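Participant: Dropping in query.pdb, with PDB, C-alpha atoms, pLDDT in the B column.
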```pdb
ATOM      1  CA  MET A   1     126.910 113.316  90.061  1.00 69.00           C
ATOM      2  CA  GLU A   2     125.332 110.141  91.426  1.00 72.00           C
ATOM      3  CA  GLN A   3     127.208 107.028  92.416  1.00 75.00           C
ATOM      4  CA  SER A   4     126.104 103.698  93.825  1.00 77.00           C
ATOM      5  CA  ILE A   5     127.852 101.494  96.331  1.00 78.00           C
ATOM      6  CA  LYS A   6     126.473  98.002  96.806  1.00 81.00           C
ATOM      7  CA  ILE A   7     127.309  96.298 100.105  1.00 83.00           C
ATOM      8  CA  LYS A   8     126.092  92.986 101.508  1.00 84.00           C
ATOM      9  CA  THR A   9     124.735  93.261 105.044  1.00 84.00           C
ATOM     10  CA  ASN A  10     127.343  90.856 106.399  1.00 85.00           C
ATOM     11  CA  GLU A  11     130.051  93.232 105.103  1.00 84.00           C
ATOM     12  CA  LEU A  12     128.623  96.216 106.983  1.00 84.00           C
ATOM     13  CA  GLN A  13     131.179  96.662 109.759  1.00 87.00           C
ATOM     14  CA  PRO A  14     131.838  99.779 111.871  1.00 88.00           C
ATOM     15  CA  SER A  15     135.199 100.269 110.141  1.00 89.00           C
ATOM     16  CA  LEU A  16     133.493 100.271 106.724  1.00 86.00           C
ATOM     17  CA  VAL A  17     130.885 102.772 107.896  1.00 85.00           C
ATOM     18  CA  ASP A  18     133.643 105.007 109.252  1.00 88.00           C
ATOM     19  CA  GLY A  19     135.563 104.691 105.973  1.00 88.00           C
ATOM     20  CA  LEU A  20     132.473 105.625 103.969  1.00 85.00           C
ATOM     21  CA  ARG A  21     131.866 108.637 106.208  1.00 87.00           C
ATOM     22  CA  LYS A  22     135.432 109.837 105.584  1.00 90.00           C
ATOM     23  CA  TYR A  23     135.071 109.205 101.853  1.00 86.00           C
ATOM     24  CA  PHE A  24     131.834 111.211 101.647  1.00 85.00           C
ATOM     25  CA  GLN A  25     133.463 114.070 103.542  1.00 88.00           C
ATOM     26  CA  ALA A  26     136.525 113.974 101.276  1.00 90.00           C
ATOM     27  CA  ILE A  27     134.440 114.256  98.101  1.00 87.00           C
ATOM     28  CA  ASN A  28     132.271 116.927  99.725  1.00 88.00           C
ATOM     29  CA  ALA A  29     129.076 114.891  99.304  1.00 85.00           C
ATOM     30  CA  LYS A  30     126.059 117.032 100.152  1.00 84.00           C
ATOM     31  CA  GLU A  31     123.474 114.280 100.311  1.00 84.00           C
ATOM     32  CA  ILE A  32     123.538 110.506 100.710  1.00 83.00           C
ATOM     33  CA  THR A  33     120.628 108.224  99.834  1.00 82.00           C
ATOM     34  CA  ILE A  34     120.480 104.794 101.420  1.00 81.00           C
ATOM     35  CA  SER A  35     118.306 102.098  99.899  1.00 81.00           C
ATOM     36  CA  PHE A  36     118.141  98.412 100.619  1.00 79.00           C
ATOM     37  CA  SER A  37     116.600  95.263  99.265  1.00 80.00           C
ATOM     38  CA  THR A  38     115.023  92.357 101.054  1.00 79.00           C
ATOM     39  CA  PRO A  39     114.332  88.887  99.743  1.00 76.00           C
ATOM     40  CA  LYS A  40     110.935  88.565  98.148  1.00 72.00           C
ATOM     41  CA  LYS A  41     108.583  86.645 100.383  1.00 69.00           C
ATOM     42  CA  ARG A  42     107.407  83.339  99.091  1.00 64.00           C
ATOM     43  CA  SER A  43     103.775  82.396  98.881  1.00 61.00           C
ATOM     44  CA  LEU A  44     101.994  81.544 102.103  1.00 65.00           C
ATOM     45  CA  ARG A  45     102.346  77.830 101.475  1.00 70.00           C
ATOM     46  CA  GLU A  46     103.589  75.515  98.787  1.00 78.00           C
ATOM     47  CA  GLU A  47     100.939  73.562  96.929  1.00 78.00           C
ATOM     48  CA  SER A  48     101.016  70.915  94.247  1.00 84.00           C
ATOM     49  CA  PRO A  49      99.532  71.544  90.795  1.00 86.00           C
ATOM     50  CA  GLU A  50      96.640  69.242  91.739  1.00 89.00           C
ATOM     51  CA  GLU A  51      95.940  71.214  94.935  1.00 87.00           C
ATOM     52  CA  MET A  52      96.068  74.474  93.010  1.00 84.00           C
ATOM     53  CA  LYS A  53      93.674  73.172  90.345  1.00 88.00           C
ATOM     54  CA  SER A  54      91.262  71.921  93.017  1.00 89.00           C
ATOM     55  CA  ARG A  55      91.411  75.248  94.887  1.00 85.00           C
ATOM     56  CA  ILE A  56      90.781  77.245  91.703  1.00 85.00           C
ATOM     57  CA  GLU A  57      87.890  75.000  90.633  1.00 87.00           C
ATOM     58  CA  LYS A  58      86.320  75.332  94.102  1.00 86.00           C
ATOM     59  CA  ALA A  59      86.722  79.124  93.946  1.00 83.00           C
ATOM     60  CA  ILE A  60      85.056  79.249  90.527  1.00 83.00           C
ATOM     61  CA  LYS A  61      82.114  77.153  91.759  1.00 84.00           C
ATOM     62  CA  ASN A  62      81.721  79.371  94.839  1.00 80.00           C
ATOM     63  CA  MET A  63      81.865  82.504  92.698  1.00 80.00           C
ATOM     64  CA  GLU A  64      79.231  81.130  90.334  1.00 82.00           C
ATOM     65  CA  LYS A  65      76.977  80.477  93.363  1.00 83.00           C
ATOM     66  CA  ASP A  66      77.736  83.957  94.805  1.00 78.00           C
ATOM     67  CA  ASN A  67      79.096  82.095  97.816  1.00 72.00           C
ATOM     68  CA  ILE A  68      82.190  84.145  98.569  1.00 74.00           C
ATOM     69  CA  ALA A  69      83.234  84.655 102.174  1.00 75.00           C
ATOM     70  CA  PHE A  70      86.428  85.174 104.117  1.00 75.00           C
ATOM     71  CA  SER A  71      87.471  86.184 107.625  1.00 77.00           C
ATOM     72  CA  GLY A  72      88.544  89.636 108.769  1.00 81.00           C
ATOM     73  CA  ALA A  73      92.164  88.462 108.929  1.00 82.00           C
ATOM     74  CA  GLU A  74      91.938  87.123 105.370  1.00 82.00           C
ATOM     75  CA  PHE A  75      90.457  90.439 104.225  1.00 81.00           C
ATOM     76  CA  THR A  76      93.317  92.343 105.890  1.00 83.00           C
ATOM     77  CA  GLN A  77      95.861  90.071 104.240  1.00 83.00           C
ATOM     78  CA  LEU A  78      94.190  90.467 100.841  1.00 80.00           C
ATOM     79  CA  THR A  79      94.137  94.246 101.259  1.00 82.00           C
ATOM     80  CA  LYS A  80      97.890  94.260 101.983  1.00 83.00           C
ATOM     81  CA  VAL A  81      98.667  92.053  98.994  1.00 80.00           C
ATOM     82  CA  LEU A  82      96.563  94.200  96.669  1.00 81.00           C
ATOM     83  CA  ALA A  83      98.267  97.318  98.019  1.00 83.00           C
ATOM     84  CA  GLY A  84     101.685  95.780  97.414  1.00 77.00           C
ATOM     85  CA  ILE A  85     102.494  95.559 101.128  1.00 69.00           C
ATOM     86  CA  LYS A  86     104.097  92.298 102.210  1.00 55.00           C
TER      87      LYS A  86
END
```
Can you turn what I pasted into C-alpha cells?

Facilitator:
Amino acid sequence: MEQSIKIKTNELQPSLVDGLRKYFQAINAKEITISFSTPKKRSLREESPEEMKSRIEKAIKNMEKDNIAFSGAEFTQLTKVLAGIK
C-alpha cells in the first residue's frame, strides 16, 4: 500500500520528523520514498511584447543570413534548457 504525506518545508521540525519515524515503525513500513518540489524558475529576464517581437525578428533575419553565433556560456545554458536541467 502506498500513502502520501505532503508537508511544507517550514513545517518540517525535528519533532515532526521523530513522529513520522515512530509512525513508520508502528505500521511496519519497509520502504519510504521522499520527493520534493521546487518553484519553477522564471525566464532569465522579463521583456515586453515589443522587445520579444524585436528579438524574434532579429533572430529570423540572422537565421536567414546564416549568421547564428553564441558564446560558450550561452551554448552551455542552451544545452541545459534543452536537456530539461534548470

Participant: On this file, the PyMOL selection byres ((chain A and resi 32) around 12) gives some set of residues; write that set as a list in words.

Facilitator: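 Output from the PyMOL selection byres ((chain A and resi 32) around 12), applied to this file: Met1, Glu2, Gln3, Ser4, Ile5, Leu20, Arg21, Tyr23, Phe24, Gln25, Ile27, Asn28, Ala29, Lys30, Glu31, Thr33, Ile34 and Ser35 of chain A.
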
Participant: Padding 5 Å on each side, edges along x, y and z: where is the centre of the box around the listed atoms of range 28-47 of chain A, and how long are its edges in Å to one decimal? Output it as lines of an AutoDock Vina configuration file.

Facilitator:
```
center_x = 116.6
center_y = 95.3
center_z = 99.5
size_x = 41.3
size_y = 53.5
size_z = 15.2
```

Participant: Looking at A:Arg55, A:Thr9, A:Glu64, A:Thr76, which one is nearest to Thr38 in chain A, with distances taken over only C-alpha atoms?

Facilitator: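 Selected residue with least distance to Thr38 in chain A: A:Thr9.
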
Participant: To one decimal place, how far is CA of Ile60 in chain A from CA of Lys80 in chain A in Å?

Facilitator: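 These two atoms are separated by 22.8 Å.
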